[in-house]
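Structure data (mmCIF, C-alpha atoms) from coords.cif:
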data_protein
loop_
_atom_site.label_atom_id
_atom_site.label_comp_id
_atom_site.auth_asym_id
_atom_site.auth_seq_id
_atom_site.Cartn_x
_atom_site.Cartn_y
_atom_site.Cartn_z
CA MET N 1 4.06 246.48 -37.27
CA GLU N 2 4.08 243.70 -34.70
CA LYS N 3 7.50 243.29 -33.08
CA SER N 4 7.49 239.56 -32.72
CA ARG N 5 9.85 237.32 -34.63
CA ARG N 6 9.16 236.51 -38.26
CA TYR N 7 10.76 233.67 -40.18
CA ALA N 8 12.05 232.97 -43.67
CA LYS N 9 11.58 229.55 -45.27
CA SER N 10 15.36 229.30 -45.17
CA HIS N 11 15.17 229.36 -41.34
CA GLU N 12 16.52 232.82 -40.61
CA TRP N 13 14.45 234.89 -38.19
CA ALA N 14 13.91 238.66 -38.22
CA ARG N 15 12.68 240.97 -35.45
CA LEU N 16 11.83 244.68 -35.71
CA GLU N 17 13.53 246.69 -32.96
CA ASP N 18 12.39 249.95 -31.33
CA ASP N 19 14.95 251.96 -33.31
CA GLY N 20 13.58 250.71 -36.64
CA THR N 21 16.39 248.28 -37.36
CA VAL N 22 15.75 244.58 -37.86
CA THR N 23 17.75 241.96 -36.00
CA VAL N 24 18.42 238.73 -37.92
CA GLY N 25 19.40 235.33 -36.56
CA ILE N 26 19.12 231.60 -37.18
CA SER N 27 16.21 229.60 -35.78
CA ALA N 28 16.79 227.11 -32.99
CA TYR N 29 15.49 224.37 -35.29
CA ALA N 30 18.10 225.16 -37.93
CA VAL N 31 20.96 225.39 -35.46
CA GLU N 32 20.05 222.00 -34.06
CA ALA N 33 19.77 220.48 -37.53
CA LEU N 34 23.18 221.79 -38.60
CA THR N 35 24.97 220.28 -35.56
CA ASP N 36 28.62 220.79 -34.65
CA LEU N 37 29.19 224.25 -36.08
CA VAL N 38 32.82 225.09 -36.77
CA PHE N 39 33.04 228.28 -38.85
CA MET N 40 30.95 231.28 -39.71
CA GLN N 41 31.46 234.20 -42.07
CA LEU N 42 29.59 237.46 -41.50
CA PRO N 43 29.11 240.43 -43.84
CA ASP N 44 30.85 243.74 -43.24
CA VAL N 45 28.95 246.56 -41.60
CA GLY N 46 27.75 248.82 -44.40
CA ALA N 47 27.19 245.97 -46.83
CA THR N 48 23.92 245.84 -48.72
CA VAL N 49 21.87 242.67 -48.43
CA THR N 50 19.00 241.55 -50.63
CA ALA N 51 16.04 239.47 -49.51
CA GLY N 52 16.51 235.84 -50.49
CA GLU N 53 20.19 236.22 -51.33
CA SER N 54 23.21 234.99 -49.39
CA PHE N 55 24.78 237.35 -46.85
CA GLY N 56 27.10 234.90 -45.10
CA GLU N 57 28.12 231.28 -44.69
CA ILE N 58 28.18 228.80 -41.88
CA GLU N 59 30.03 225.49 -41.74
CA SER N 60 29.22 222.50 -39.61
CA VAL N 61 31.45 219.45 -39.50
CA LYS N 62 29.63 218.04 -42.50
CA ALA N 63 28.10 220.90 -44.45
CA VAL N 64 28.56 224.47 -45.62
CA SER N 65 25.33 226.46 -45.82
CA ASP N 66 24.52 229.94 -47.01
CA LEU N 67 22.74 232.38 -44.75
CA TYR N 68 19.98 234.15 -46.65
CA ALA N 69 18.79 237.66 -45.90
CA PRO N 70 15.10 237.63 -44.90
CA ILE N 71 14.75 241.26 -45.97
CA SER N 72 16.64 243.82 -48.03
CA GLY N 73 18.59 246.68 -46.50
CA LYS N 74 21.96 247.77 -45.17
CA VAL N 75 23.94 245.94 -42.50
CA VAL N 76 24.36 248.31 -39.54
CA ALA N 77 25.82 245.79 -37.06
CA ALA N 78 27.28 242.30 -37.09
CA ASN N 79 27.75 240.04 -34.09
CA THR N 80 31.49 239.71 -34.47
CA ASP N 81 31.80 237.69 -31.25
CA LEU N 82 29.76 234.92 -32.82
CA PRO N 83 32.34 233.21 -35.09
CA SER N 84 34.53 232.51 -32.06
CA GLN N 85 31.57 231.58 -29.84
CA LEU N 86 29.39 229.50 -32.11
CA GLU N 87 27.89 227.66 -29.17
CA THR N 88 25.91 230.83 -28.47
CA LEU N 89 23.82 230.10 -31.56
CA GLY N 90 22.55 226.98 -29.85
CA SER N 91 22.29 228.25 -26.28
CA ASP N 92 20.58 231.59 -27.04
CA PRO N 93 19.54 231.71 -30.71
CA TYR N 94 17.04 234.55 -30.25
CA GLY N 95 19.15 236.66 -27.89
CA SER N 96 22.93 236.83 -27.74
CA GLY N 97 23.09 234.50 -30.75
CA TRP N 98 21.84 237.22 -33.10
CA VAL N 99 23.80 237.45 -36.36
CA ILE N 100 23.34 240.86 -38.02
CA ARG N 101 21.23 243.97 -37.67
CA ILE N 102 19.77 245.53 -40.81
CA GLU N 103 18.47 248.97 -41.61
CA PRO N 104 15.58 247.80 -43.79
CA ASP N 105 14.64 249.30 -47.11
CA SER N 106 11.09 249.08 -45.74
CA VAL N 107 9.63 247.39 -42.65
CA GLU N 108 6.71 246.15 -44.73
CA GLN N 109 9.00 243.43 -46.04
CA LEU N 110 8.53 241.66 -42.72
CA GLU N 111 4.92 240.98 -43.57
CA ALA N 112 6.03 238.61 -46.30
CA LEU N 113 7.75 236.40 -43.73
CA MET N 114 6.10 233.66 -41.67
CA ASN N 115 4.77 234.23 -38.19
CA GLN N 116 5.57 231.78 -35.39
CA GLU N 117 2.53 229.59 -36.07
CA ALA N 118 3.31 229.26 -39.78
CA TYR N 119 6.96 228.52 -39.06
CA ASP N 120 6.06 225.87 -36.51
CA GLU N 121 3.87 224.32 -39.18
CA LEU N 122 6.78 224.35 -41.63
CA ILE N 123 9.14 222.53 -39.31
CA GLY N 124 6.48 220.11 -38.22
CA GLY N 125 6.38 221.36 -34.65
CA MET L 1 20.08 228.37 -45.04
CA ASN L 2 18.81 225.40 -46.95
CA LEU L 3 17.65 222.61 -44.70
CA SER L 4 15.24 221.76 -47.49
CA GLY L 5 11.86 222.43 -46.02
CA SER L 6 10.14 220.71 -43.20
CA ASN L 7 9.98 217.41 -41.41
CA LYS L 8 6.84 216.50 -43.27
CA SER L 9 6.79 213.84 -45.93
CA SER L 10 6.79 215.14 -49.46
CA PRO L 11 4.30 213.70 -51.95
CA ASN L 12 7.01 212.16 -54.10
CA GLU L 13 8.82 210.47 -51.24
CA LYS L 14 7.56 207.02 -52.13
CA GLN L 15 7.86 207.41 -55.86
CA ARG L 16 10.56 205.60 -57.77
CA THR L 17 13.28 208.08 -58.61
CA SER L 18 15.49 208.14 -61.65
CA PHE L 19 19.12 208.24 -60.56
CA HIS L 20 21.41 209.51 -63.33
CA VAL L 21 25.11 208.72 -63.09
CA TRP L 22 27.90 210.03 -65.30
CA ARG L 23 31.50 208.87 -65.34
CA ASP L 24 33.33 211.92 -66.59
CA PRO L 25 36.92 211.97 -67.86
CA PRO L 26 39.60 213.46 -65.57
CA ALA L 27 39.68 217.27 -65.61
CA SER L 28 41.26 220.21 -63.81
CA GLY L 29 40.20 221.32 -60.35
CA GLY L 30 38.43 224.45 -61.53
CA TRP L 31 36.56 222.56 -64.23
CA ASN L 32 35.49 219.81 -61.85
CA MET L 33 34.14 222.28 -59.29
CA ALA L 34 32.31 224.20 -62.02
CA ALA L 35 30.84 221.00 -63.46
CA ASP L 36 29.58 220.00 -60.01
CA GLU L 37 27.97 223.38 -59.56
CA ALA L 38 26.27 223.03 -62.94
CA LEU L 39 25.15 219.53 -61.93
CA ALA L 40 23.54 220.97 -58.79
CA ARG L 41 21.64 223.57 -60.78
CA GLN L 42 20.53 220.90 -63.26
CA SER L 43 19.30 218.78 -60.37
CA GLU L 44 17.27 221.67 -59.00
CA GLU L 45 15.78 222.45 -62.40
CA THR L 46 14.90 218.86 -63.31
CA ASN L 47 14.05 217.71 -59.78
CA ARG L 48 16.27 214.66 -60.28
CA VAL L 49 19.06 213.04 -58.29
CA LEU L 50 22.24 213.39 -60.36
CA MET L 51 25.73 212.08 -59.74
CA ARG L 52 29.00 212.46 -61.53
CA LEU L 53 32.12 210.40 -60.85
CA TYR L 54 35.41 211.79 -61.98
CA GLY L 55 39.17 211.99 -61.68
CA TRP L 56 41.63 214.88 -61.71
CA HIS L 57 44.14 215.91 -64.36
CA PRO L 58 46.56 217.16 -63.36
CA HIS L 59 46.68 215.73 -59.84
CA THR L 60 45.38 218.53 -57.63
CA VAL L 61 44.90 219.48 -53.99
CA SER L 62 41.42 220.68 -53.06
CA LEU L 63 40.79 222.78 -49.96
CA GLY L 64 37.57 222.82 -47.97
CA SER L 65 35.45 225.93 -48.27
CA PHE L 66 36.56 227.35 -44.91
CA GLN L 67 40.22 226.30 -44.94
CA ARG L 68 42.82 229.07 -45.03
CA SER L 69 44.89 229.22 -48.21
CA VAL L 70 47.96 230.11 -46.12
CA ASP L 71 47.73 226.69 -44.47
CA PHE L 72 48.22 225.21 -47.93
CA SER L 73 50.99 227.63 -48.89
CA GLU L 74 53.01 226.75 -45.79
CA ARG L 75 53.15 223.06 -46.69
CA LEU L 76 56.35 222.56 -48.61
CA GLU L 77 55.37 219.03 -49.62
CA LEU L 78 52.52 220.55 -51.65
CA SER L 79 54.46 223.45 -53.16
CA HIS L 80 54.34 222.08 -56.71
CA TRP L 81 50.72 220.94 -56.63
CA PRO L 82 47.85 222.77 -58.32
CA VAL L 83 45.21 223.79 -55.81
CA VAL L 84 41.51 224.62 -55.93
CA ARG L 85 39.03 225.60 -53.25
CA ARG L 86 35.85 223.51 -53.07
CA PRO L 87 32.44 225.01 -52.39
CA SER L 88 31.90 222.22 -49.86
CA GLY L 89 33.44 221.92 -46.42
CA GLY L 90 35.92 219.58 -44.79
CA GLY L 91 39.68 219.19 -45.01
CA ALA L 92 42.22 219.18 -47.82
CA ILE L 93 42.33 216.26 -50.25
CA ILE L 94 45.15 215.22 -52.56
CA HIS L 95 43.39 214.09 -55.71
CA GLY L 96 44.91 211.82 -58.29
CA THR L 97 44.55 208.29 -57.01
CA ASP L 98 41.00 208.75 -55.78
CA LEU L 99 37.56 208.67 -57.34
CA THR L 100 35.65 211.84 -56.60
CA TYR L 101 31.89 212.12 -56.76
CA GLY L 102 29.50 215.04 -56.91
CA LEU L 103 25.96 214.08 -55.92
CA ALA L 104 23.16 216.59 -56.34
CA VAL L 105 19.86 216.02 -54.56
CA PRO L 106 16.92 218.39 -55.12
CA GLY L 107 15.25 220.01 -52.14
CA SER L 108 12.07 217.98 -52.67
CA HIS L 109 13.89 214.71 -52.02
CA ASP L 110 13.84 213.15 -48.58
CA TRP L 111 17.63 212.81 -48.60
CA SER L 112 18.10 216.56 -48.75
CA ARG L 113 16.64 217.07 -45.28
CA GLY L 114 19.17 217.58 -42.55
CA THR L 115 22.75 216.63 -43.23
CA GLU L 116 22.99 213.06 -42.06
CA LYS L 117 20.53 211.21 -44.31
CA LEU L 118 22.61 211.69 -47.41
CA TYR L 119 25.84 210.68 -45.71
CA THR L 120 24.25 207.62 -44.27
CA ALA L 121 22.80 206.63 -47.63
CA VAL L 122 25.99 207.06 -49.65
CA HIS L 123 28.46 205.75 -47.11
CA GLY L 124 26.14 203.02 -45.85
CA ALA L 125 25.75 201.65 -49.38
CA LEU L 126 29.52 201.27 -49.66
CA VAL L 127 29.80 199.70 -46.22
CA GLU L 128 27.27 197.10 -47.37
CA GLU L 129 29.17 196.41 -50.56
CA LEU L 130 32.50 196.06 -48.78
CA SER L 131 31.02 193.86 -46.07
CA GLU L 132 29.68 191.61 -48.80
CA ARG L 133 33.27 191.27 -49.91
CA HIS L 134 34.40 190.39 -46.37
CA LEU L 135 36.16 193.69 -45.79
CA SER L 136 35.67 195.06 -42.30
CA ALA L 137 34.22 198.52 -42.97
CA ARG L 138 32.05 200.82 -40.89
CA MET L 139 30.93 204.39 -40.54
CA VAL L 140 32.38 206.46 -37.72
CA ASP L 141 29.68 206.87 -35.07
CA ALA L 142 28.04 210.08 -33.90
CA THR L 143 29.94 210.24 -30.62
CA SER L 144 33.20 210.90 -32.40
CA ARG L 145 34.34 214.49 -31.82
CA GLU L 146 37.64 216.16 -32.56
CA THR L 147 38.65 219.39 -30.90
CA GLU L 148 41.47 220.09 -33.32
CA GLN L 149 41.00 219.38 -36.98
CA SER L 150 43.80 218.11 -39.16
CA PHE L 151 44.66 219.89 -42.41
CA TYR L 152 43.99 216.72 -44.39
CA CYS L 153 40.47 215.30 -44.76
CA PHE L 154 41.72 211.73 -44.47
CA ASN L 155 43.38 212.41 -41.13
CA ARG L 156 40.08 213.62 -39.67
CA ARG L 157 37.39 211.42 -38.17
CA ALA L 158 33.79 212.59 -37.99
CA PHE L 159 30.36 211.03 -38.01
CA GLY L 160 29.71 209.06 -41.19
CA ASP L 161 33.29 208.78 -42.39
CA LEU L 162 33.90 205.35 -43.89
CA VAL L 163 36.81 203.52 -42.29
CA VAL L 164 38.25 200.06 -42.79
CA GLU L 165 40.15 197.97 -40.31
CA ASP L 166 43.86 198.69 -40.03
CA ALA L 167 45.24 195.17 -40.30
CA SER L 168 48.81 196.45 -40.70
CA GLY L 169 48.76 198.55 -37.53
CA THR L 170 50.17 201.58 -39.36
CA SER L 171 47.38 204.08 -38.70
CA PRO L 172 47.38 206.19 -35.50
CA HIS L 173 43.59 206.05 -35.62
CA GLY L 174 43.49 202.24 -35.65
CA ASN L 175 41.68 202.35 -38.96
CA HIS L 176 42.01 203.77 -42.47
CA LYS L 177 39.51 206.31 -43.73
CA ILE L 178 38.87 205.59 -47.39
CA LEU L 179 35.72 207.65 -48.08
CA GLY L 180 35.02 211.15 -46.82
CA SER L 181 32.26 213.49 -47.92
CA ALA L 182 31.12 217.06 -47.34
CA GLN L 183 28.10 219.05 -48.40
CA ARG L 184 27.29 222.42 -49.82
CA ARG L 185 23.67 223.23 -49.10
CA LEU L 186 22.47 225.60 -51.81
CA SER L 187 19.07 227.14 -52.30
CA GLY L 188 16.84 224.32 -53.53
CA VAL L 189 19.51 221.65 -53.84
CA VAL L 190 22.20 219.87 -51.84
CA LEU L 191 25.57 219.12 -53.43
CA GLN L 192 27.52 216.41 -51.68
CA HIS L 193 31.16 215.93 -52.58
CA GLY L 194 33.05 212.80 -51.68
CA SER L 195 36.42 211.25 -52.31
CA LEU L 196 36.97 207.48 -52.39
CA LEU L 197 40.66 206.71 -52.09
CA LEU L 198 41.52 203.99 -54.58
CA HIS L 199 45.25 203.60 -53.98
CA ARG L 200 48.01 205.19 -51.95
CA ASN L 201 49.39 208.13 -53.92
CA PRO L 202 53.06 207.44 -54.75
CA HIS L 203 53.78 211.16 -55.18
CA ILE L 204 53.14 212.16 -51.59
CA GLN L 205 54.80 211.09 -48.37
CA GLY L 206 54.17 211.72 -44.69
CA GLU L 207 50.85 212.76 -43.21
CA GLY L 208 49.32 213.34 -46.66
CA SER L 209 49.82 209.70 -47.66
CA HIS L 210 46.84 207.41 -47.15
CA VAL L 211 45.81 203.85 -47.87
CA GLY L 212 43.19 203.34 -50.58
CA LEU L 213 40.50 200.78 -51.25
CA GLY L 214 42.62 198.86 -53.74
CA ASP L 215 45.38 198.49 -51.15
CA VAL L 216 43.14 196.61 -48.73
CA LEU L 217 40.67 194.85 -51.02
CA GLN L 218 41.11 191.10 -50.77
CA ALA L 219 38.80 189.93 -53.54
CA GLY L 220 37.34 191.46 -56.68
CA SER L 221 38.33 194.65 -58.39
CA VAL L 222 37.87 198.27 -57.38
CA ASN L 223 35.60 198.74 -60.39
CA ASP L 224 33.39 195.87 -59.25
CA VAL L 225 33.07 197.53 -55.85
CA ILE L 226 32.11 200.84 -57.42
CA ASP L 227 29.48 199.20 -59.61
CA GLY L 228 28.03 197.41 -56.60
CA TRP L 229 28.09 200.60 -54.54
CA LEU L 230 26.07 202.50 -57.14
CA GLU L 231 23.52 199.69 -57.43
CA ARG L 232 23.06 199.65 -53.67
CA LEU L 233 22.74 203.41 -53.58
CA ALA L 234 20.00 203.25 -56.21
CA ASP L 235 18.24 200.57 -54.17
CA ARG L 236 18.35 202.73 -51.04
CA MET L 237 16.77 205.54 -52.98
CA ASN L 238 14.17 203.21 -54.50
CA GLY L 239 15.60 204.57 -57.70
CA GLU L 240 16.39 203.36 -61.17
CA LEU L 241 20.09 203.65 -61.95
CA ILE L 242 20.57 205.29 -65.34
CA ALA L 243 24.19 205.13 -66.50
CA GLU L 244 24.73 208.05 -68.83
CA THR L 245 27.28 207.54 -71.59
CA SER L 246 28.18 211.07 -72.67
CA PRO L 247 29.94 213.57 -70.35
CA SER L 248 27.65 215.23 -67.82
CA TYR L 249 28.54 218.66 -69.12
CA GLU L 250 27.96 218.07 -72.83
CA LYS L 251 24.98 220.42 -72.93
CA GLU L 252 26.37 223.02 -70.56
CA ASN L 253 29.93 223.40 -71.75
CA ASP L 254 29.86 227.20 -72.13
CA GLU L 255 28.32 227.66 -68.72
CA ILE L 256 30.97 225.47 -67.11
CA VAL L 257 33.77 227.37 -68.85
CA ARG L 258 32.36 230.56 -67.31
CA ARG L 259 32.08 229.02 -63.85
CA THR L 260 35.58 227.54 -64.13
CA GLN L 261 37.08 231.02 -64.33
CA ARG L 262 35.67 231.81 -60.90
CA TYR L 263 37.09 228.65 -59.33
CA GLU L 264 40.49 229.31 -60.91
CA SER L 265 40.61 232.92 -59.75
CA VAL L 266 43.03 234.16 -57.11
CA ALA L 267 40.15 235.83 -55.30
CA TRP L 268 38.31 232.52 -54.87
CA LEU L 269 41.41 230.63 -53.70
CA HIS L 270 42.43 233.29 -51.20
CA ARG L 271 38.97 234.21 -49.97
CA ARG L 272 40.05 232.83 -46.59
#
Rewritten as structure tokens:
Amino acid sequence: MEKSRRYAKSHEWARLEDDGTVTVGISAYAVEALTDLVFMQLPDVGATVTAGESFGEIESVKAVSDLYAPISGKVVAANTDLPSQLETLGSDPYGSGWVIRIEPDSVEQLEALMNQEAYDELIGG
Amino acid sequence: MNLSGSNKSSPNEKQRTSFHVWRDPPASGGWNMAADEALARQSEETNRVLMRLYGWHPHTVSLGSFQRSVDFSERLELSHWPVVRRPSGGGAIIHGTDLTYGLAVPGSHDWSRGTEKLYTAVHGALVEELSERHLSARMVDATSRETEQSFYCFNRRAFGDLVVEDASGTSPHGNHKILGSAQRRLSGVVLQHGSLLLHRNPHIQGEGSHVGLGDVLQAGSVNDVIDGWLERLADRMNGELIAETSPSYEKENDEIVRRTQRYESVAWLHRR
């Protein structure tokens, strides 16, 4: 399985790590579109997430949005620094702005997500 | 999250849209939130722009999705008020002398992209209508930023908020905010909530007391303004305004009763 980022249509990204877990975050495009983030709610470590279903919420000055799990599995880590440092989502969305890490039910789920080229096409880049 | 697809134009962007509007009777907080949620799902299923306008009975305080319930509990002036948590964001609103709207826009519609288009459309249409009536109204510009947010929605100022000139000099902001809105972006549909203050609420004093449209309107009636606002909104959408006569929830009553229980639950109110 290629270890580059994959993307959901709902703008979350997923990346397979060396230890078999999958790191999940929010794309730079989505962070920019949301603007002025003020609150974020993360799931608890140990929670089960299901592909396509909400695992958290994020609020900008004008909108509350759900965060959707790109794959199914168990949450093994959450970036608990993030809610108090939301600017990190904008400054480093694919690094220190990661949101959760998932132990996937299967890594094959990643194949159903978009690669960079397809995602760029989606956002009109 | 739902940013509703891409930057590309959708095929139906230029088509004339049907814009269905209901004026529902006043209802409880839990019922109103449930009815808005049902409206959003109906919008997604029918691919139509739907709007319901409504009041609140009894008068109720609504909290934004991320507000802490303890911040409500600590306010003695609100100790006897019913309270409900909205699915949308923003600050607390004291409902009773306002007109609330729930506007559901399907993900295929151009207005669902990003967050600002819908605000600009809804609030801009009212600015136009008020300006036509020689009332100095404008939307707060994008450079406005607040580091500390007030408990009350109408004490906050953010991009798109509709403010009118403070001729009396009583507002610390130099203007009166009379329309504020906030969105909940769901999968496949955007629900925008908004509250248009109609009159100052006589049952609340202090920082929760705010001027309404009827208090500053020089000519015409509040109802005339609302009619004109809706017509202008339909024009902006290139849509045909369809005024529905029966309640919006007539066909989904059982579903709304079920959803109401969630909004009236302790768990929902105290989730933050």
Mind checking which residues fall within 10 Å of Lys74 (chain N), counting only C-alpha atoms, ignoring those fewer than 6 positions away in the same chain, and posting them as a ChimeraX atom specification?
/N:21,44-50,101-105
Quick one: apply the PyMOL selection byres ((chain N) within 8 of (chain L)) to the file and drop the selected residues here as a PyMOL selection string.
chain N and resi 9-12+30+33-34+39+59+61-68+122-124
Translate the PyMOL selection byres ((chain L and resi 217) around 12), as applied to the file shown, into an explicit residue set as an MDAnalysis selection string.
chainID L and resid 129:137 164:165 167 178 197:199 211:216 218:225
Of the candidates N:Tyr29, N:Trp13, N:Phe55, N:Tyr119, which one gets nearest to Ser91 (chain N) if we count all atoms listed in the file?
N:Tyr29
Using the chain letters and residue numbers of this document, give as a PyMOL selection string the residues selected by the PyMOL selection byres ((chain L and resi 46) around 12).
chain L and resi 17-20+39-45+47-50+104-108+188-189
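Residue nearest Ile242 (chain L) within the list L:Pro82, L:Ser62, L:Arg23, L:Phe154: L:Arg23 [criterion: smallest interatomic distance, all atoms listed in the file].
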For each of N:Ser4, N:Thr80, N:Thr35, N:Ser96, take the minimum atom-to-atom distance to Ala142 (chain L), counting all atoms listed in the file, then give the residue where this is smallest.
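Among the listed residues, N:Thr35 lies closest to Ala142 (chain L).
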